[in-house]
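This is model36.cif. It holds mmCIF, C-alpha atoms and all ligand atoms.
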data_structure
loop_
_atom_site.label_atom_id
_atom_site.label_comp_id
_atom_site.auth_asym_id
_atom_site.auth_seq_id
_atom_site.Cartn_x
_atom_site.Cartn_y
_atom_site.Cartn_z
CA MET A 1 0.00 0.00 0.00
CA ARG A 2 1.13 3.53 -0.63
CA GLY A 3 -0.34 7.03 -0.66
CA SER A 4 -3.53 7.49 1.33
CA GLY A 5 -4.57 3.81 1.16
CA ASP A 6 -4.46 3.53 4.93
CA SER A 7 -7.39 5.93 5.30
CA ASP A 8 -10.32 4.40 7.11
CA HIS A 9 -13.86 4.02 5.92
CA VAL A 10 -16.65 6.09 7.47
CA PRO A 11 -19.83 3.98 7.55
CA VAL A 12 -22.75 5.74 5.86
CA LEU A 13 -26.24 6.19 7.33
CA LEU A 14 -24.99 4.62 10.56
CA GLU A 15 -27.75 5.82 12.90
CA GLU A 16 -30.43 4.93 10.37
CA VAL A 17 -29.00 1.43 9.84
CA VAL A 18 -28.87 0.73 13.58
CA SER A 19 -32.34 2.07 14.26
CA LEU A 20 -34.00 0.28 11.31
CA LEU A 21 -32.24 -3.06 11.85
CA ALA A 22 -33.19 -2.64 15.52
CA PRO A 23 -30.97 -5.26 17.20
CA THR A 24 -32.26 -6.98 20.34
CA PRO A 25 -30.26 -9.05 22.84
CA GLY A 26 -28.76 -12.31 21.59
CA GLU A 27 -29.54 -11.69 17.91
CA THR A 28 -27.30 -12.51 14.95
CA LEU A 29 -26.25 -10.05 12.27
CA LEU A 30 -25.22 -11.37 8.86
CA ASP A 31 -22.97 -8.63 7.47
CA CYS A 32 -22.50 -9.39 3.77
CA THR A 33 -19.98 -6.58 3.29
CA LEU A 34 -17.94 -6.21 6.46
CA GLY A 35 -15.61 -3.54 5.09
CA ARG A 36 -13.76 -2.13 8.11
CA GLY A 37 -16.51 -3.36 10.45
CA GLY A 38 -18.00 0.06 11.24
CA HIS A 39 -21.64 -0.91 10.76
CA ALA A 40 -21.17 -4.33 12.36
CA ALA A 41 -19.51 -2.88 15.48
CA ALA A 42 -22.20 -0.22 15.87
CA ILE A 43 -25.04 -2.74 15.47
CA ALA A 44 -23.39 -5.14 17.91
CA SER A 45 -22.85 -2.41 20.48
CA ALA A 46 -26.49 -1.28 20.27
CA SER A 47 -27.71 -4.37 22.13
CA ARG A 48 -26.42 -7.15 24.38
CA ASP A 49 -24.76 -10.32 23.07
CA VAL A 50 -25.23 -9.63 19.37
CA CYS A 51 -23.23 -12.10 17.26
CA VAL A 52 -21.79 -11.03 13.90
CA VAL A 53 -21.35 -13.44 11.00
CA GLY A 54 -19.69 -11.63 8.16
CA THR A 55 -17.88 -11.77 4.89
CA ASP A 56 -15.89 -9.57 2.55
CA LEU A 57 -14.17 -10.23 -0.77
CA ASP A 58 -11.22 -8.22 0.47
CA GLU A 59 -9.15 -10.19 2.99
CA ASP A 60 -7.51 -7.02 4.28
CA ASN A 61 -10.92 -5.55 5.11
CA ARG A 62 -12.22 -8.81 6.56
CA SER A 63 -9.29 -9.04 8.95
CA ALA A 64 -9.54 -5.35 9.94
CA ALA A 65 -13.26 -5.85 10.70
CA SER A 66 -12.53 -9.01 12.65
CA ALA A 67 -9.88 -7.21 14.76
CA ARG A 68 -12.31 -4.36 15.41
CA LEU A 69 -15.06 -6.73 16.56
CA ALA A 70 -12.61 -8.66 18.74
CA ALA A 71 -11.41 -5.43 20.37
CA ALA A 72 -15.04 -4.54 21.12
CA GLY A 73 -15.62 -7.98 22.67
CA VAL A 74 -18.18 -8.97 20.03
CA THR A 75 -18.70 -12.68 19.25
CA HIS A 76 -18.01 -13.00 15.54
CA HIS A 77 -17.36 -15.49 12.73
CA THR A 78 -15.87 -13.93 9.62
CA ARG A 79 -14.75 -15.39 6.32
CA GLN A 80 -13.20 -13.98 3.18
CA GLY A 81 -15.51 -14.57 0.26
CA ASN A 82 -18.35 -13.41 -1.95
CA PHE A 83 -21.68 -12.63 -0.30
CA VAL A 84 -23.42 -14.85 -2.86
CA ARG A 85 -22.33 -17.65 -0.49
CA ALA A 86 -23.36 -15.83 2.70
CA PRO A 87 -26.07 -18.37 3.61
CA GLU A 88 -23.45 -21.16 3.57
CA PHE A 89 -21.13 -19.09 5.78
CA LEU A 90 -24.03 -18.58 8.14
CA GLN A 91 -24.81 -22.28 8.19
CA ALA A 92 -21.16 -23.12 8.86
CA SER A 93 -21.24 -20.80 11.87
CA GLY A 94 -24.31 -22.65 13.19
CA ARG A 95 -26.40 -19.47 13.26
CA ALA A 96 -29.45 -18.07 11.49
CA ALA A 97 -29.76 -14.33 10.77
CA ASP A 98 -32.05 -11.93 12.61
CA MET A 99 -30.54 -9.05 10.63
CA VAL A 100 -28.89 -8.94 7.21
CA LEU A 101 -26.89 -5.97 5.97
CA ALA A 102 -25.30 -5.38 2.55
CA ASP A 103 -23.50 -2.04 2.13
CA LEU A 104 -22.62 -2.38 -1.54
CA GLY A 105 -19.62 -1.37 -3.61
CA PHE A 106 -16.21 -0.39 -2.30
CA ALA A 107 -14.82 1.11 0.89
CA SER A 108 -12.86 4.37 1.09
CA ASN A 109 -9.62 2.63 2.04
CA GLN A 110 -9.86 0.62 -1.20
CA VAL A 111 -10.46 3.59 -3.49
CA ASP A 112 -7.86 5.70 -1.67
CA ASP A 113 -5.12 3.14 -2.26
CA PRO A 114 -3.64 3.91 -5.72
CA ASP A 115 -2.23 0.39 -5.97
CA ARG A 116 -5.79 -1.01 -6.14
CA GLY A 117 -6.49 0.96 -9.32
CA PHE A 118 -10.01 2.19 -8.45
CA SER A 119 -9.23 5.89 -8.65
CA PHE A 120 -8.84 8.05 -11.74
CA LEU A 121 -7.34 10.78 -9.55
CA GLU A 122 -4.12 8.94 -8.83
CA GLU A 123 -1.76 6.97 -11.00
CA GLY A 124 -1.80 3.22 -10.36
CA PRO A 125 -2.11 -0.18 -12.04
CA LEU A 126 -5.50 -0.80 -13.68
CA ASP A 127 -6.60 -3.52 -11.28
CA MET A 128 -9.99 -2.73 -9.63
CA ARG A 129 -10.52 -6.21 -8.15
CA LEU A 130 -12.24 -6.14 -4.74
CA ASP A 131 -10.47 -9.45 -4.10
CA PRO A 132 -6.98 -8.65 -5.36
CA THR A 133 -5.97 -12.32 -5.27
CA SER A 134 -8.35 -13.66 -7.90
CA GLY A 135 -10.24 -12.87 -11.06
CA THR A 136 -9.51 -10.67 -14.05
CA THR A 137 -7.97 -7.23 -13.65
CA ALA A 138 -9.39 -4.15 -15.36
CA ALA A 139 -6.30 -4.04 -17.60
CA SER A 140 -6.90 -7.62 -18.81
CA LEU A 141 -10.60 -6.96 -19.33
CA ILE A 142 -9.88 -3.83 -21.36
CA ALA A 143 -7.29 -5.73 -23.41
CA SER A 144 -9.58 -8.64 -24.20
CA LEU A 145 -13.08 -7.25 -24.84
CA SER A 146 -14.22 -6.30 -28.31
CA GLU A 147 -14.82 -2.61 -28.93
CA ARG A 148 -18.54 -3.31 -29.11
CA ASP A 149 -18.60 -5.14 -25.74
CA LEU A 150 -16.55 -2.38 -24.14
CA ALA A 151 -19.02 0.22 -25.40
CA GLU A 152 -21.92 -1.86 -24.08
CA ILE A 153 -20.37 -2.19 -20.62
CA ILE A 154 -19.53 1.53 -20.40
CA ARG A 155 -23.03 2.43 -21.62
CA HIS A 156 -24.89 0.01 -19.37
CA HIS A 157 -22.82 -0.13 -16.17
CA GLY A 158 -21.73 3.50 -16.37
CA GLU A 159 -24.85 5.04 -17.96
CA GLU A 160 -22.29 6.95 -20.04
CA PRO A 161 -23.73 8.70 -23.11
CA LEU A 162 -20.29 8.88 -24.79
CA ALA A 163 -19.67 5.14 -24.40
CA ALA A 164 -19.15 4.44 -28.12
CA ARG A 165 -16.56 7.23 -28.49
CA ILE A 166 -14.72 6.13 -25.35
CA ALA A 167 -14.64 2.49 -26.50
CA GLN A 168 -13.34 3.59 -29.90
CA LYS A 169 -10.53 5.62 -28.25
CA ILE A 170 -9.60 2.65 -26.06
CA ALA A 171 -9.60 0.26 -29.03
CA SER A 172 -7.37 2.46 -31.17
CA GLU A 173 -4.96 3.16 -28.31
CA ARG A 174 -4.59 -0.49 -27.26
CA ALA A 175 -3.73 -1.42 -30.86
CA ARG A 176 -0.61 0.74 -30.37
CA SER A 177 0.27 -0.07 -26.77
CA PRO A 178 -1.37 -1.81 -23.80
CA ILE A 179 -3.53 0.26 -21.41
CA GLU A 180 -2.19 -0.63 -18.01
CA THR A 181 -2.62 2.34 -15.71
CA THR A 182 -5.45 4.42 -14.27
CA GLY A 183 -3.82 7.55 -15.69
CA GLN A 184 -3.81 6.13 -19.23
CA LEU A 185 -7.50 5.19 -19.05
CA ALA A 186 -8.51 8.52 -17.50
CA ALA A 187 -6.58 10.43 -20.20
CA LEU A 188 -8.29 8.45 -22.98
CA VAL A 189 -11.73 9.18 -21.56
CA ARG A 190 -10.84 12.85 -21.28
CA GLU A 191 -9.73 12.84 -24.94
CA ALA A 192 -13.01 11.19 -25.95
CA TYR A 193 -14.89 13.93 -24.09
CA GLY A 194 -12.93 16.65 -25.94
CA VAL A 195 -14.25 20.14 -25.14
CA ARG A 196 -17.15 18.60 -23.21
CA ALA A 197 -14.66 17.73 -20.44
CA ARG A 198 -14.62 21.42 -19.46
CA THR A 199 -18.36 21.61 -18.88
CA SER A 200 -18.86 18.14 -17.40
CA ARG A 201 -20.19 18.40 -13.78
CA GLN A 202 -18.20 15.37 -12.65
CA HIS A 203 -14.78 14.14 -13.73
CA PRO A 204 -15.23 12.71 -17.26
CA ALA A 205 -13.77 9.36 -16.16
CA THR A 206 -16.25 8.84 -13.29
CA ARG A 207 -18.79 6.78 -15.23
CA THR A 208 -16.23 4.76 -17.19
CA PHE A 209 -14.34 3.79 -14.03
CA GLN A 210 -17.62 2.81 -12.35
CA ALA A 211 -18.57 0.68 -15.36
CA ILE A 212 -15.25 -1.15 -15.56
CA ARG A 213 -15.20 -1.75 -11.78
CA ILE A 214 -18.72 -3.23 -11.87
CA ALA A 215 -17.73 -5.52 -14.76
CA VAL A 216 -14.42 -6.61 -13.17
CA ASN A 217 -16.22 -7.66 -9.98
CA ASP A 218 -19.46 -8.82 -11.61
CA GLU A 219 -21.22 -6.68 -9.02
CA LEU A 220 -24.73 -6.63 -10.49
CA ALA A 221 -24.86 -10.41 -10.89
CA ALA A 222 -23.69 -10.87 -7.28
CA LEU A 223 -26.37 -8.49 -6.01
CA GLN A 224 -29.06 -10.27 -8.05
CA THR A 225 -27.96 -13.66 -6.65
CA LEU A 226 -28.15 -12.31 -3.11
CA LEU A 227 -31.64 -10.91 -3.75
CA ASP A 228 -32.75 -14.21 -5.31
CA ARG A 229 -31.46 -16.17 -2.32
CA LEU A 230 -33.19 -13.85 0.14
CA THR A 231 -36.42 -14.13 -1.86
CA ARG A 232 -36.23 -17.92 -1.91
CA ALA A 233 -35.53 -18.06 1.83
CA LEU A 234 -38.60 -15.90 2.55
CA ARG A 235 -40.84 -17.78 0.12
CA ASN A 236 -39.79 -21.16 1.53
CA GLY A 237 -39.91 -19.94 5.12
CA ASP A 238 -36.30 -21.11 5.42
CA VAL A 239 -35.77 -20.20 9.08
CA ALA A 240 -32.47 -22.10 9.10
CA TRP A 241 -30.95 -19.01 7.58
CA LEU A 242 -33.48 -16.15 7.95
CA ARG A 243 -35.12 -16.19 11.36
CA PRO A 244 -38.76 -15.15 11.84
CA GLY A 245 -39.03 -11.36 11.85
CA ALA A 246 -35.57 -10.93 10.24
CA ARG A 247 -34.72 -7.42 9.07
CA ILE A 248 -32.87 -6.99 5.77
CA GLY A 249 -31.11 -3.72 4.91
CA ILE A 250 -29.33 -2.89 1.67
CA ILE A 251 -27.40 0.30 0.92
CA ALA A 252 -27.01 1.06 -2.80
CA PHE A 253 -24.87 3.79 -4.32
CA HIS A 254 -26.26 4.11 -7.83
CA SER A 255 -29.50 3.40 -9.64
CA LEU A 256 -28.25 0.15 -11.22
CA GLU A 257 -27.95 -1.27 -7.71
CA ASP A 258 -30.92 0.47 -6.16
CA ARG A 259 -33.44 -0.52 -8.87
CA PRO A 260 -33.23 -4.31 -8.37
CA VAL A 261 -33.29 -3.87 -4.57
CA LYS A 262 -36.40 -1.67 -4.83
CA GLN A 263 -38.12 -4.13 -7.19
CA CYS A 264 -37.23 -7.19 -5.10
CA PHE A 265 -38.37 -5.60 -1.82
CA ALA A 266 -41.59 -4.32 -3.41
CA SER A 267 -42.48 -7.77 -4.69
CA LEU A 268 -41.79 -9.37 -1.27
CA VAL A 269 -44.06 -6.76 0.33
CA ARG A 270 -46.78 -7.41 -2.31
CA GLU A 271 -46.57 -11.14 -1.59
CA GLY A 272 -47.09 -10.43 2.09
CA LEU A 273 -43.70 -11.94 2.98
CA ALA A 274 -42.24 -8.68 4.31
CA VAL A 275 -43.13 -5.17 5.42
CA ASP A 276 -41.28 -2.07 4.32
CA VAL A 277 -39.81 -0.63 7.51
CA SER A 278 -37.85 2.21 5.89
CA SER A 279 -40.86 3.52 3.89
CA GLY A 280 -38.89 3.42 0.64
CA ALA A 281 -35.33 4.69 0.39
CA VAL A 282 -33.65 6.57 3.22
CA GLN A 283 -31.03 9.14 2.25
CA ALA A 284 -28.37 10.79 4.38
CA ARG A 285 -29.31 13.96 6.21
CA GLN A 286 -27.65 17.18 5.05
CA GLU A 287 -25.36 17.23 8.05
CA GLU A 288 -23.97 13.77 7.16
CA GLN A 289 -23.64 14.75 3.50
CA ASP A 290 -21.55 17.77 4.52
CA ARG A 291 -19.31 15.57 6.67
CA ASN A 292 -19.00 12.62 4.26
CA PRO A 293 -19.58 13.39 0.56
CA ARG A 294 -19.56 9.63 -0.23
CA CYS A 295 -22.97 9.26 1.40
CA ARG A 296 -24.70 11.68 -1.00
CA SER A 297 -25.61 8.89 -3.39
CA ALA A 298 -26.42 6.28 -0.69
CA ARG A 299 -29.96 4.82 -0.57
CA LEU A 300 -30.89 2.52 2.32
CA ARG A 301 -33.92 0.23 2.05
CA VAL A 302 -34.99 -2.06 4.90
CA ILE A 303 -37.71 -4.71 5.04
CA ARG A 304 -38.81 -7.03 7.85
CA SER A 305 -39.88 -10.61 7.32
CA THR A 306 -43.50 -11.25 8.28
CA ILE A 307 -42.79 -14.93 8.87
CA ASP A 308 -43.32 -15.88 12.48
C1 LIG B 1 -19.10 0.09 1.38
S1 LIG B 1 -17.94 -1.09 1.96
C2 LIG B 1 -18.65 -1.68 3.45
C3 LIG B 1 -18.27 -0.86 4.64
C4 LIG B 1 -18.76 -1.40 5.96
N1 LIG B 1 -20.20 -1.42 6.04
C5 LIG B 1 -18.16 -0.63 7.11
O1 LIG B 1 -18.91 -0.13 7.95
O2 LIG B 1 -16.93 -0.52 7.17
C6 LIG B 1 -18.22 -2.42 0.88
C7 LIG B 1 -17.38 -3.65 1.15
O3 LIG B 1 -18.02 -4.73 0.48
C8 LIG B 1 -17.07 -5.57 -0.09
N2 LIG B 1 -17.78 -6.27 -1.19
C9 LIG B 1 -18.29 -5.74 -2.32
N3 LIG B 1 -18.90 -6.69 -3.05
C10 LIG B 1 -18.82 -7.85 -2.32
C11 LIG B 1 -19.29 -9.17 -2.54
N4 LIG B 1 -19.95 -9.53 -3.65
N5 LIG B 1 -19.04 -10.09 -1.57
C12 LIG B 1 -18.38 -9.75 -0.45
N6 LIG B 1 -17.88 -8.51 -0.20
C13 LIG B 1 -18.11 -7.57 -1.13
C14 LIG B 1 -15.95 -4.65 -0.51
O4 LIG B 1 -14.73 -5.34 -0.60
C15 LIG B 1 -15.96 -3.61 0.62
O5 LIG B 1 -15.04 -3.95 1.64
#

Would you give me this structure, written as C-alpha cells?
Amino acid sequence: MRGSGDSDHVPVLLEEVVSLLAPTPGETLLDCTLGRGGHAAAIASASRDVCVVGTDLDEDNRSAASARLAAAGVTHHTRQGNFVRAPEFLQASGRAADMVLADLGFASNQVDDPDRGFSFLEEGPLDMRLDPTSGTTAASLIASLSERDLAEIIRHHGEEPLAARIAQKIASERARSPIETTGQLAALVREAYGVRARTSRQHPATRTFQAIRIAVNDELAALQTLLDRLTRALRNGDVAWLRPGARIGIIAFHSLEDRPVKQCFASLVREGLAVDVSSGAVQARQEEQDRNPRCRSARLRVIRSTID
C-alpha cells in the first residue's frame, strides 16, 4: 500500500441502519460486506450479546473488521468470500440471521489506495478487483473485450452517453500499446470527451471507471444472486438461515444497484412476505452529507420478514 490507502472508511447512514435493523439481545447479524466493520460494530454495540457473522471479498478488510469486533468484545465469525455464499457461511457458523446488511460497492480505504487501481485521480495499475488475489484485472478486461462489448459495458454499467466514443478511443490506443494504468485510461476518456470535459459536472472518467469496476467484480450479478437467495428463503420460510421477523437492509450507491433492490423488496411486500420498515429509500441527512460526501448517493432500504 502507498499514498492514502491507509485511510479508514466512514460507515454511511450509521444511525439509520442501527435504528432500522433494531438489534435486540442475543440476535445474529449477517454482514455481507464487512468492510472495516463500522456498521457491524455499531449494530453489535447497540444491544447485548449480538453475534456477527460476516464476509468480505477483500481479505484485508475482513481481517480489519474481525480485529475491530474482537477489540469490542463482540462474538463473531468472519470469512473472506463473496456474499453470494453468505447463507453457507451462516450455516457453517451454526447461526441463522435476525438481521442482514449489505452495504454495496467499495470502501474508502480501497479507493484511496492507488495500488488497487479504483481511482482516476491517482496513478496506479488498472486492477480494480475487490479481491486482489483472484479474477480478471481491469487491464486484462480492457485488453480482451471487443470494442462493441466495451461500449456496451460503459453504456450500461456507467450510464455513459459517450460510451461508443470512449470504447473507440480505447480500441485504437490499445492497438498501439497496452492500457495498463489508471492515468492512461482517465486520459483516454478525457480525450473522448474533448471540449465537453470542461463543462462536465463530474470528472469525465467517473462513469467509465464505475462501469469497468462493476464488470471486473461482476457486481450486479452478485447483487441479483443475493436478492434471489433472500427471496427464496422468505418464500420457503427457510428459518435455518433467515429467522422469523428478520430485518434486511441494503445500501445502494447508484441506480443500477438500487433498482433491483427496490423491485425485489416491493415484490416481497406485495406477496405479504415482508413489510417495508424504511418507507422506501432513506437518504443521508444534510449534516452527514456535509461531513462525508460519499454518502450523498447512498440509498438505504430495509424490510422485515412477516414470517413468524
Ligand atoms: C461500502 S464497503 C462496506 C463498509 C462497511 N459497512 C463498514 O462499515 O466498514 C463495501 C465492502 O463490500 C465488499 N464487497 C463488495 N462486493 C462484495 C461481494 N460480492 N461479496 C463480499 N464482499 C463484497 C468490498 O470489498 C468492501 O469492503

| task | Using all atoms listed in the file, determine which residues fall within 7 Å of ligand LIG 1 (chain B), then list them as a ChimeraX atom specification. | result | /A:9-11,32-40,55-58,61,81-84,103-107,130-131,219,222-223

Same residues, C-alpha atoms, output as a PDB file, in the frame of the given file:
ATOM      1  CA  HIS A   9     -13.860   4.020   5.920  1.00  0.00           C
ATOM      2  CA  VAL A  10     -16.650   6.090   7.470  1.00  0.00           C
ATOM      3  CA  PRO A  11     -19.830   3.980   7.550  1.00  0.00           C
ATOM      4  CA  CYS A  32     -22.500  -9.390   3.770  1.00  0.00           C
ATOM      5  CA  THR A  33     -19.980  -6.580   3.290  1.00  0.00           C
ATOM      6  CA  LEU A  34     -17.940  -6.210   6.460  1.00  0.00           C
ATOM      7  CA  GLY A  35     -15.610  -3.540   5.090  1.00  0.00           C
ATOM      8  CA  ARG A  36     -13.760  -2.130   8.110  1.00  0.00           C
ATOM      9  CA  GLY A  37     -16.510  -3.360  10.450  1.00  0.00           C
ATOM     10  CA  GLY A  38     -18.000   0.060  11.240  1.00  0.00           C
ATOM     11  CA  HIS A  39     -21.640  -0.910  10.760  1.00  0.00           C
ATOM     12  CA  ALA A  40     -21.170  -4.330  12.360  1.00  0.00           C
ATOM     13  CA  THR A  55     -17.880 -11.770   4.890  1.00  0.00           C
ATOM     14  CA  ASP A  56     -15.890  -9.570   2.550  1.00  0.00           C
ATOM     15  CA  LEU A  57     -14.170 -10.230  -0.770  1.00  0.00           C
ATOM     16  CA  ASP A  58     -11.220  -8.220   0.470  1.00  0.00           C
ATOM     17  CA  ASN A  61     -10.920  -5.550   5.110  1.00  0.00           C
ATOM     18  CA  GLY A  81     -15.510 -14.570   0.260  1.00  0.00           C
ATOM     19  CA  ASN A  82     -18.350 -13.410  -1.950  1.00  0.00           C
ATOM     20  CA  PHE A  83     -21.680 -12.630  -0.300  1.00  0.00           C
ATOM     21  CA  VAL A  84     -23.420 -14.850  -2.860  1.00  0.00           C
ATOM     22  CA  ASP A 103     -23.500  -2.040   2.130  1.00  0.00           C
ATOM     23  CA  LEU A 104     -22.620  -2.380  -1.540  1.00  0.00           C
ATOM     24  CA  GLY A 105     -19.620  -1.370  -3.610  1.00  0.00           C
ATOM     25  CA  PHE A 106     -16.210  -0.390  -2.300  1.00  0.00           C
ATOM     26  CA  ALA A 107     -14.820   1.110   0.890  1.00  0.00           C
ATOM     27  CA  LEU A 130     -12.240  -6.140  -4.740  1.00  0.00           C
ATOM     28  CA  ASP A 131     -10.470  -9.450  -4.100  1.00  0.00           C
ATOM     29  CA  GLU A 219     -21.220  -6.680  -9.020  1.00  0.00           C
ATOM     30  CA  ALA A 222     -23.690 -10.870  -7.280  1.00  0.00           C
ATOM     31  CA  LEU A 223     -26.370  -8.490  -6.010  1.00  0.00           C
TER      32      LEU A 223
END

| field | Surrounding residues of segment 18-26 of chain A excluding itself and chain neighbours under 2 positions, 6 Å, only C-alpha atoms, as a list in words | value |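 That gives Glu15, Glu16, Ile43, Ser47, Arg48, Asp49, Val50 and Arg247 of chain A.
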
| request: Find, counting all atoms listed in the file, the residue in A:Glu180, A:Glu59, A:Asp290, A:Asp276 that gets nearest to Val302 of chain A. | output: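 Smallest distance to Val302 of chain A is found for A:Asp276.
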
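Computed from the coordinates, the atom CA of Thr231 of chain A to atom CA of Ala97 of chain A distance equals 14.3 Å.
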
When you look at Phe253 of chain A with a cut-off of 8 Å (counting only C-alpha atoms), what residues show up, excluding the ones that are within fewer than 3 positions of it in the same chain? I need them as a compact mmCIF listing (two decimals) with C-alpha atoms, in the frame of the given file.
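Contents of out_5.txt, freshly written:
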# COMPACT_ATOMS: atom_id res chain seq x y z
CA LEU A 104 -22.62 -2.38 -1.54
CA GLY A 105 -19.62 -1.37 -3.61
CA GLU A 257 -27.95 -1.27 -7.71
CA ASP A 258 -30.92 0.47 -6.16
CA SER A 297 -25.61 8.89 -3.39
CA ALA A 298 -26.42 6.28 -0.69
CA ARG A 299 -29.96 4.82 -0.57

| query | Taking only C-alpha atoms into account, which of A:Cys51, A:Ile307, A:Val12, A:Ala92 comes nearest Ser108 of chain A? | reply |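 Closest candidate: A:Val12.
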
| said: So the first atom is atom CA of Arg296 of chain A and the second is atom CA of Leu13 of chain A; what is the distance between them in Å, to one decimal place? | reply: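 Taking atom CA of Arg296 of chain A and atom CA of Leu13 of chain A, their separation equals 10.1 Å.
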
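Taking all atoms listed in the file into account, Asp127 of chain A lies nearest to A:Arg213 out of the set A:Arg270, A:Arg201, A:Arg213, A:His254.
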